[in-house]
file upload_15.cif (mmCIF, C-alpha atoms)
data_data
#
loop_
_atom_site.group_PDB
_atom_site.id
_atom_site.type_symbol
_atom_site.label_atom_id
_atom_site.label_comp_id
_atom_site.auth_asym_id
_atom_site.auth_seq_id
_atom_site.Cartn_x
_atom_site.Cartn_y
_atom_site.Cartn_z
ATOM 1 C CA MET A 22 1.430 -2.431 50.658
ATOM 2 C CA LYS A 23 3.098 0.978 50.770
ATOM 3 C CA ALA A 24 0.796 4.014 50.813
ATOM 4 C CA LEU A 25 0.557 6.142 47.706
ATOM 5 C CA HIS A 26 0.853 9.907 47.467
ATOM 6 C CA PRO A 27 -2.390 11.449 46.050
ATOM 7 C CA LYS A 28 -0.492 12.394 42.886
ATOM 8 C CA GLN A 29 0.703 8.801 42.545
ATOM 9 C CA GLU A 30 -2.839 7.477 42.952
ATOM 10 C CA LYS A 31 -4.015 9.827 40.221
ATOM 11 C CA LEU A 32 -1.039 8.965 38.008
ATOM 12 C CA LEU A 33 -1.743 5.248 38.398
ATOM 13 C CA GLU A 34 -5.360 5.794 37.330
ATOM 14 C CA ILE A 35 -4.201 7.797 34.305
ATOM 15 C CA LEU A 36 -1.709 5.103 33.332
ATOM 16 C CA LYS A 37 -4.381 2.388 33.674
ATOM 17 C CA SER A 38 -6.880 4.285 31.546
ATOM 18 C CA HIS A 39 -4.323 4.870 28.764
ATOM 19 C CA ILE A 40 -2.430 1.569 28.909
ATOM 20 C CA ALA A 41 -3.432 0.633 25.352
ATOM 21 C CA ASP A 42 -2.345 4.040 24.014
ATOM 22 C CA PRO A 43 0.265 5.426 26.438
ATOM 23 C CA LEU A 44 0.631 9.164 26.955
ATOM 24 C CA THR A 45 3.866 11.116 26.612
ATOM 25 C CA MET A 46 5.537 12.661 29.660
ATOM 26 C CA GLU A 47 4.217 16.062 28.563
ATOM 27 C CA GLU A 48 0.671 14.699 28.353
ATOM 28 C CA LEU A 49 1.018 13.012 31.755
ATOM 29 C CA ALA A 50 2.214 16.293 33.278
ATOM 30 C CA GLU A 51 -0.825 18.067 31.832
ATOM 31 C CA GLN A 52 -3.200 15.392 33.145
ATOM 32 C CA LEU A 53 -1.585 15.578 36.599
ATOM 33 C CA ASN A 54 -1.690 19.373 36.512
ATOM 34 C CA VAL A 55 2.025 19.743 37.212
ATOM 35 C CA SER A 56 4.401 22.032 35.369
ATOM 36 C CA ALA A 57 7.503 19.828 35.076
ATOM 37 C CA LYS A 58 8.092 16.423 33.505
ATOM 38 C CA SER A 59 10.589 15.755 36.304
ATOM 39 C CA VAL A 60 7.694 15.662 38.790
ATOM 40 C CA VAL A 61 5.950 13.008 36.688
ATOM 41 C CA PHE A 62 9.177 11.017 36.417
ATOM 42 C CA HIS A 63 9.653 11.170 40.199
ATOM 43 C CA HIS A 64 6.172 9.761 40.845
ATOM 44 C CA ILE A 65 6.653 7.065 38.191
ATOM 45 C CA LYS A 66 9.873 5.963 39.900
ATOM 46 C CA GLN A 67 8.031 5.862 43.234
ATOM 47 C CA LEU A 68 5.289 3.692 41.705
ATOM 48 C CA GLU A 69 7.998 1.326 40.458
ATOM 49 C CA LYS A 70 9.738 1.263 43.858
ATOM 50 C CA LYS A 71 6.441 0.514 45.633
ATOM 51 C CA GLY A 72 5.689 -2.356 43.262
ATOM 52 C CA PHE A 73 2.739 -0.882 41.362
ATOM 53 C CA LEU A 74 4.419 -0.381 38.022
ATOM 54 C CA LYS A 75 7.018 -2.040 35.783
ATOM 55 C CA ARG A 76 8.448 -0.148 32.813
ATOM 56 C CA ASN A 77 10.393 -1.331 29.791
ATOM 57 C CA PRO A 78 13.813 0.417 30.108
ATOM 58 C CA ALA A 79 14.100 0.587 26.311
ATOM 59 C CA ASN A 80 10.659 2.143 25.871
ATOM 60 C CA PRO A 81 9.260 4.267 28.749
ATOM 61 C CA ARG A 82 5.785 4.230 27.165
ATOM 62 C CA ASP A 83 5.716 0.428 27.430
ATOM 63 C CA TYR A 84 4.702 -0.437 30.984
ATOM 64 C CA MET A 85 2.768 -2.962 33.046
ATOM 65 C CA ILE A 86 0.472 -2.252 35.988
ATOM 66 C CA LEU A 87 1.427 -4.770 38.673
ATOM 67 C CA LYS A 88 -1.081 -3.792 41.378
ATOM 68 C CA ASP A 89 -4.458 -2.135 41.452
ATOM 69 C CA PRO A 90 -5.054 -0.901 45.020
ATOM 70 C CA GLU A 91 -8.839 -0.815 44.588
ATOM 71 C CA LYS A 92 -9.492 -4.033 42.702
ATOM 72 C CA ASN A 93 -6.498 -6.171 43.754
ATOM 73 C CA VAL A 94 -5.734 -7.210 40.194
ATOM 74 C CA ILE A 95 -2.725 -7.141 37.917
ATOM 75 C CA TYR A 96 -2.877 -6.303 34.238
ATOM 76 C CA LEU A 97 -1.307 -8.566 31.638
ATOM 77 C CA LYS A 98 -0.813 -7.729 27.990
ATOM 78 C CA MET A 99 -2.355 -10.173 25.526
ATOM 79 C CA TYR A 100 -0.670 -10.797 22.188
ATOM 80 C CA GLY A 101 -2.058 -12.387 19.052
ATOM 81 C CA MET A 102 -0.524 -15.495 17.559
ATOM 82 C CA ALA A 103 -1.093 -14.314 14.002
ATOM 83 C CA LYS A 104 2.274 -12.591 13.553
ATOM 84 C CA CYS A 105 5.502 -11.483 15.199
ATOM 85 C CA GLY A 106 6.555 -7.942 15.892
ATOM 86 C CA PRO A 107 9.288 -6.089 13.986
ATOM 87 C CA ALA A 108 12.059 -7.859 15.918
ATOM 88 C CA GLY A 109 10.670 -11.334 15.221
ATOM 89 C CA THR A 110 9.034 -11.774 18.616
ATOM 90 C CA ILE A 111 5.363 -11.387 19.500
ATOM 91 C CA LEU A 112 6.375 -9.341 22.557
ATOM 92 C CA ASP A 113 7.708 -6.653 20.224
ATOM 93 C CA GLY A 114 4.307 -6.362 18.579
ATOM 94 C CA THR A 115 1.209 -4.467 19.637
ATOM 95 C CA PRO A 116 -0.906 -6.109 22.369
ATOM 96 C CA THR A 117 -4.435 -6.995 21.274
ATOM 97 C CA ARG A 118 -5.864 -6.141 24.699
ATOM 98 C CA ILE A 119 -5.036 -5.628 28.363
ATOM 99 C CA VAL A 120 -6.511 -8.272 30.692
ATOM 100 C CA PRO A 121 -7.075 -7.811 34.458
ATOM 101 C CA VAL A 122 -6.034 -10.989 36.266
ATOM 102 C CA ASP A 123 -6.385 -12.160 39.860
ATOM 103 C CA PRO A 124 -2.869 -12.173 41.399
ATOM 104 C CA SER A 125 -3.519 -15.665 42.826
ATOM 105 C CA MET A 126 -3.302 -16.998 39.249
ATOM 106 C CA ILE A 127 0.300 -15.836 38.899
ATOM 107 C CA TYR A 128 2.989 -18.034 40.468
ATOM 108 C CA PHE A 129 5.944 -16.048 39.109
ATOM 109 C CA PRO A 130 6.952 -12.349 39.022
ATOM 110 C CA ALA A 131 4.092 -10.488 37.347
ATOM 111 C CA CYS A 132 6.541 -8.365 35.371
ATOM 112 C CA LYS A 133 7.439 -11.530 33.404
ATOM 113 C CA GLY A 134 3.834 -12.348 32.562
ATOM 114 C CA PHE A 135 1.935 -12.022 29.292
ATOM 115 C CA MET A 136 -1.018 -13.750 27.643
ATOM 116 C CA VAL A 137 -1.900 -15.205 24.257
ATOM 117 C CA GLU A 138 -5.191 -16.408 22.821
ATOM 118 C CA ALA A 139 -4.810 -19.931 21.438
ATOM 119 C CA LYS A 140 -5.777 -20.741 17.874
ATOM 120 C CA GLY A 141 -6.160 -24.039 16.027
ATOM 121 C CA ASP A 142 -6.717 -27.512 17.450
ATOM 122 C CA SER A 143 -3.185 -28.915 17.507
ATOM 123 C CA MET A 144 -3.035 -28.833 21.329
ATOM 124 C CA GLU A 145 -6.437 -30.360 22.042
ATOM 125 C CA SER A 146 -7.407 -31.873 24.427
ATOM 126 C CA LEU A 147 -5.164 -29.738 26.666
ATOM 127 C CA ILE A 148 -5.763 -26.383 24.956
ATOM 128 C CA SER A 149 -8.728 -25.443 22.799
ATOM 129 C CA PRO A 150 -9.074 -22.610 20.274
ATOM 130 C CA LYS A 151 -9.742 -19.233 21.949
ATOM 131 C CA ASP A 152 -8.454 -20.403 25.359
ATOM 132 C CA TRP A 153 -6.421 -17.735 27.105
ATOM 133 C CA LEU A 154 -2.914 -18.771 28.135
ATOM 134 C CA ILE A 155 -0.995 -17.094 30.947
ATOM 135 C CA VAL A 156 2.667 -17.293 30.029
ATOM 136 C CA GLU A 157 5.876 -16.664 31.934
ATOM 137 C CA GLN A 158 8.472 -15.003 29.747
ATOM 138 C CA SER A 159 11.433 -17.382 29.619
ATOM 139 C CA HIS A 160 13.921 -18.654 27.060
ATOM 140 C CA GLN A 161 14.940 -21.771 29.003
ATOM 141 C CA PRO A 162 12.093 -24.309 29.106
ATOM 142 C CA LYS A 163 12.449 -27.780 30.541
ATOM 143 C CA ASN A 164 11.619 -30.961 28.669
ATOM 144 C CA LYS A 165 7.854 -31.455 28.265
ATOM 145 C CA ASP A 166 7.030 -27.817 29.091
ATOM 146 C CA VAL A 167 4.260 -26.326 26.972
ATOM 147 C CA VAL A 168 5.735 -23.234 25.354
ATOM 148 C CA VAL A 169 4.808 -20.297 23.195
ATOM 149 C CA CYS A 170 7.522 -20.200 20.550
ATOM 150 C CA VAL A 171 8.449 -18.905 17.117
ATOM 151 C CA ASN A 172 9.638 -21.282 14.413
ATOM 152 C CA ASN A 173 10.333 -20.096 10.866
ATOM 153 C CA GLY A 174 8.434 -16.911 11.659
ATOM 154 C CA GLU A 175 5.311 -18.787 12.811
ATOM 155 C CA VAL A 176 3.996 -18.395 16.358
ATOM 156 C CA LEU A 177 3.177 -21.777 17.892
ATOM 157 C CA VAL A 178 2.046 -23.353 21.149
ATOM 158 C CA LYS A 179 3.736 -26.751 21.474
ATOM 159 C CA ARG A 180 5.221 -29.181 23.953
ATOM 160 C CA PHE A 181 8.987 -28.667 24.036
ATOM 161 C CA THR A 182 11.282 -31.711 23.900
ATOM 162 C CA LYS A 183 15.064 -31.732 23.556
ATOM 163 C CA ASP A 184 16.252 -34.811 21.627
ATOM 164 C CA GLY A 185 20.007 -34.745 21.385
ATOM 165 C CA ALA A 186 20.942 -31.796 19.172
ATOM 166 C CA ASN A 187 17.360 -31.369 17.964
ATOM 167 C CA ILE A 188 14.376 -29.624 19.493
ATOM 168 C CA ILE A 189 11.090 -31.382 18.828
ATOM 169 C CA LEU A 190 7.810 -29.454 18.977
ATOM 170 C CA GLN A 191 5.014 -31.844 19.785
ATOM 171 C CA SER A 192 1.249 -31.413 19.556
ATOM 172 C CA GLU A 193 -1.237 -32.953 21.971
ATOM 173 C CA ASN A 194 -3.565 -33.770 19.090
ATOM 174 C CA PRO A 195 -2.342 -37.085 17.572
ATOM 175 C CA HIS A 196 -3.416 -35.976 14.098
ATOM 176 C CA TYR A 197 -0.457 -33.569 13.988
ATOM 177 C CA THR A 198 3.072 -34.831 13.358
ATOM 178 C CA PRO A 199 5.965 -33.530 15.499
ATOM 179 C CA ILE A 200 7.995 -30.618 14.134
ATOM 180 C CA VAL A 201 11.786 -30.460 14.222
ATOM 181 C CA ALA A 202 12.583 -26.860 15.153
ATOM 182 C CA ASP A 203 14.668 -24.826 12.753
ATOM 183 C CA LYS A 204 17.928 -24.126 14.583
ATOM 184 C CA THR A 205 18.464 -20.748 12.937
ATOM 185 C CA SER A 206 15.014 -19.266 13.503
ATOM 186 C CA PHE A 207 13.552 -21.031 16.537
ATOM 187 C CA HIS A 208 13.189 -19.288 19.877
ATOM 188 C CA VAL A 209 10.975 -19.655 22.924
ATOM 189 C CA GLU A 210 8.860 -16.683 24.018
ATOM 190 C CA GLY A 211 7.684 -18.214 27.290
ATOM 191 C CA ILE A 212 6.308 -21.164 29.235
ATOM 192 C CA VAL A 213 2.555 -21.672 29.595
ATOM 193 C CA ARG A 214 1.717 -21.567 33.317
ATOM 194 C CA SER A 215 -2.090 -21.357 33.349
ATOM 195 C CA ILE A 216 -4.929 -22.018 30.911
ATOM 196 C CA ILE A 217 -8.191 -20.087 31.091
ATOM 197 C CA LYS A 218 -10.802 -22.233 29.351
ATOM 198 C CA ARG A 219 -13.171 -20.237 27.170
ATOM 199 C CA ASN A 220 -15.461 -22.910 25.724
ATOM 200 C CA PHE A 221 -18.869 -21.343 26.217
ATOM 201 C CA SER A 222 -20.921 -24.252 24.852
ATOM 202 C CA CYS A 223 -23.428 -25.735 27.312
#
call {"tool": "encode", "arguments": {"input": "upload_15.cif", "output": "C-alpha cells"}}
result
Amino acid sequence: MKALHPKQEKLLEILKSHIADPLTMEELAEQLNVSAKSVVFHHIKQLEKKGFLKRNPANPRDYMILKDPEKNVIYLKMYGMAKCGPAGTILDGTPTRIVPVDPSMIYFPACKGFMVEAKGDSMESLISPKDWLIVEQSHQPKNKDVVVCVNNGEVLVKRFTKDGANIILQSENPHYTPIVADKTSFHVEGIVRSIIKRNFSC
C-alpha cells in the first residue's frame, strides 16, 4: 500500500466523515486549511492513483472509499429497493446508508460494488427480507445468476434466465409465478455476489 501524504490522510478522513453529504471543493479546501481548490484536486487525484478513492466522472461529489488504512475496510453504498432514481436506475438515487465491508467479502473490483437490502419473501429460502446483498454492477448476467434488476419501474431481485427471445425472472419461492421481463423497460443493475443474513431470531 502506497504511503499517504499527511494532507491526503486528513482529506480521506474528511471524505469518509461526509460521504453521505459530500462537501464542495471550497468546503474541502477550508477543512484542509489550504487556500486553493487546485491543491484539494491534486490530493484527490493522488488518492485515486493510490487506490483509496473512486470518483464518478459525471459527478465529482459522488465517490467511493476503496481503502481505509486504519480499519482495512471498504465502504459500499446501500440503495433501497423501494424506487428508482431520476434516470430509472437505483444507482442514480440517494443511498440509504454507507456500509463498511471487509475486503475479503469482495471478489471483484470494489469500485463496481454496491448493496441493497432485500424486501419481500419471493426469494426465500435463498434470500430473506432485510438480508443485505453485495452486488457487482453489471449489465451482462449469465443464465441462473441472481440479479438486482428493474422491470416496469419496479426494483426486483430475481434469478435471471434467457429463454429464446424472452428473459424470465424467476423466484426461489414456489408460490410466485415467473415473470416475463418487459423488453422495453427491463435492465439489470447488477449480479448478487454475497448475501449477509440478518435474521436475528434465536
call {"tool": "residues_around", "arguments": {"input": "upload_15.cif", "residues": "Ile40 (chain A)", "least_positions_apart": "3", "cutoff": "9 Å", "atoms": "all atoms listed in the file", "output": "MDAnalysis selection string"}}
result
chainID A and resid 35:37 43:44 82:86 119
call {"tool": "closest_residue", "arguments": {"input": "upload_15.cif", "among": "A:Thr45, A:Gln67, A:Gln158, A:Asn194", "to": "Lys98 (chain A)", "atoms": "only C-alpha atoms"}}
result
A:Gln158
call {"tool": "resolve_selection", "arguments": {"input": "upload_15.cif", "expression": "the PyMOL selection byres ((chain A and resi 197-212) around 10)", "output": "ChimeraX atom specification"}}
result
/A:109-112,133-136,142-144,154-163,166-184,186-196,213-215
call {"tool": "write_last_selection", "arguments": {"input": "upload_15.cif", "atoms": "C-alpha atoms", "output": "JSON list (two decimals), in the frame of the given file"}}
result
[["chain", "number", "residue", "atom", "x", "y", "z"],
["A", 109, "GLY", "CA", 10.67, -11.33, 15.22],
["A", 110, "THR", "CA", 9.03, -11.77, 18.62],
["A", 111, "ILE", "CA", 5.36, -11.39, 19.50],
["A", 112, "LEU", "CA", 6.38, -9.34, 22.56],
["A", 133, "LYS", "CA", 7.44, -11.53, 33.40],
["A", 134, "GLY", "CA", 3.83, -12.35, 32.56],
["A", 135, "PHE", "CA", 1.94, -12.02, 29.29],
["A", 136, "MET", "CA", -1.02, -13.75, 27.64],
["A", 142, "ASP", "CA", -6.72, -27.51, 17.45],
["A", 143, "SER", "CA", -3.18, -28.92, 17.51],
["A", 144, "MET", "CA", -3.04, -28.83, 21.33],
["A", 154, "LEU", "CA", -2.91, -18.77, 28.14],
["A", 155, "ILE", "CA", -1.00, -17.09, 30.95],
["A", 156, "VAL", "CA", 2.67, -17.29, 30.03],
["A", 157, "GLU", "CA", 5.88, -16.66, 31.93],
["A", 158, "GLN", "CA", 8.47, -15.00, 29.75],
["A", 159, "SER", "CA", 11.43, -17.38, 29.62],
["A", 160, "HIS", "CA", 13.92, -18.65, 27.06],
["A", 161, "GLN", "CA", 14.94, -21.77, 29.00],
["A", 162, "PRO", "CA", 12.09, -24.31, 29.11],
["A", 163, "LYS", "CA", 12.45, -27.78, 30.54],
["A", 166, "ASP", "CA", 7.03, -27.82, 29.09],
["A", 167, "VAL", "CA", 4.26, -26.33, 26.97],
["A", 168, "VAL", "CA", 5.74, -23.23, 25.35],
["A", 169, "VAL", "CA", 4.81, -20.30, 23.20],
["A", 170, "CYS", "CA", 7.52, -20.20, 20.55],
["A", 171, "VAL", "CA", 8.45, -18.90, 17.12],
["A", 172, "ASN", "CA", 9.64, -21.28, 14.41],
["A", 173, "ASN", "CA", 10.33, -20.10, 10.87],
["A", 174, "GLY", "CA", 8.43, -16.91, 11.66],
["A", 175, "GLU", "CA", 5.31, -18.79, 12.81],
["A", 176, "VAL", "CA", 4.00, -18.40, 16.36],
["A", 177, "LEU", "CA", 3.18, -21.78, 17.89],
["A", 178, "VAL", "CA", 2.05, -23.35, 21.15],
["A", 179, "LYS", "CA", 3.74, -26.75, 21.47],
["A", 180, "ARG", "CA", 5.22, -29.18, 23.95],
["A", 181, "PHE", "CA", 8.99, -28.67, 24.04],
["A", 182, "THR", "CA", 11.28, -31.71, 23.90],
["A", 183, "LYS", "CA", 15.06, -31.73, 23.56],
["A", 184, "ASP", "CA", 16.25, -34.81, 21.63],
["A", 186, "ALA", "CA", 20.94, -31.80, 19.17],
["A", 187, "ASN", "CA", 17.36, -31.37, 17.96],
["A", 188, "ILE", "CA", 14.38, -29.62, 19.49],
["A", 189, "ILE", "CA", 11.09, -31.38, 18.83],
["A", 190, "LEU", "CA", 7.81, -29.45, 18.98],
["A", 191, "GLN", "CA", 5.01, -31.84, 19.78],
["A", 192, "SER", "CA", 1.25, -31.41, 19.56],
["A", 193, "GLU", "CA", -1.24, -32.95, 21.97],
["A", 194, "ASN", "CA", -3.56, -33.77, 19.09],
["A", 195, "PRO", "CA", -2.34, -37.08, 17.57],
["A", 196, "HIS", "CA", -3.42, -35.98, 14.10],
["A", 213, "VAL", "CA", 2.56, -21.67, 29.60],
["A", 214, "ARG", "CA", 1.72, -21.57, 33.32],
["A", 215, "SER", "CA", -2.09, -21.36, 33.35]]
call {"tool": "closest_residue", "arguments": {"input": "upload_15.cif", "among": "A:Thr115, A:Asn164, A:Asn77, A:Gln29", "to": "Val60 (chain A)", "atoms": "all atoms listed in the file"}}
result
A:Gln29
call {"tool": "atom_distance", "arguments": {"input": "upload_15.cif", "atom1": "CA of Val137 (chain A)", "atom2": "CA of Pro124 (chain A)"}}
result
17.4 Å
call {"tool": "atom_distance", "arguments": {"input": "upload_15.cif", "atom1": "CA of Arg219 (chain A)", "atom2": "CA of Ile127 (chain A)"}}
result
18.4 Å
call {"tool": "atom_distance", "arguments": {"input": "upload_15.cif", "atom1": "CA of Arg118 (chain A)", "atom2": "CA of Ala41 (chain A)"}}
result
7.2 Å
call {"tool": "resolve_selection", "arguments": {"input": "upload_15.cif", "expression": "the PyMOL selection byres ((chain A and resi 72) around 9)", "output": "list in words"}}
result
Met22, Lys23, Gln67, Leu68, Glu69, Lys70, Lys71, Phe73, Leu74, Lys75, Ile86, Leu87 and Lys88 of chain A
call {"tool": "closest_residue", "arguments": {"input": "upload_15.cif", "among": "A:Ala50, A:Ile217, A:Leu32, A:Ala24", "to": "Ile148 (chain A)", "atoms": "all atoms listed in the file"}}
result
A:Ile217
call {"tool": "axis_aligned_box", "arguments": {"input": "upload_15.cif", "around": "region 120-133 of chain A", "padding_each_side": "8 Å", "output": "lines of an AutoDock Vina configuration file"}}
result
center_x = 0.2
center_y = -12.9
center_z = 36.8
size_x = 30.5
size_y = 26.2
size_z = 28.1
call {"tool": "residues_around", "arguments": {"input": "upload_15.cif", "residues": "Lys28 (chain A)", "least_positions_apart": "4", "cutoff": "9 Å", "atoms": "all atoms listed in the file", "output": "ChimeraX atom specification"}}
result
/A:32-33,53,61,64
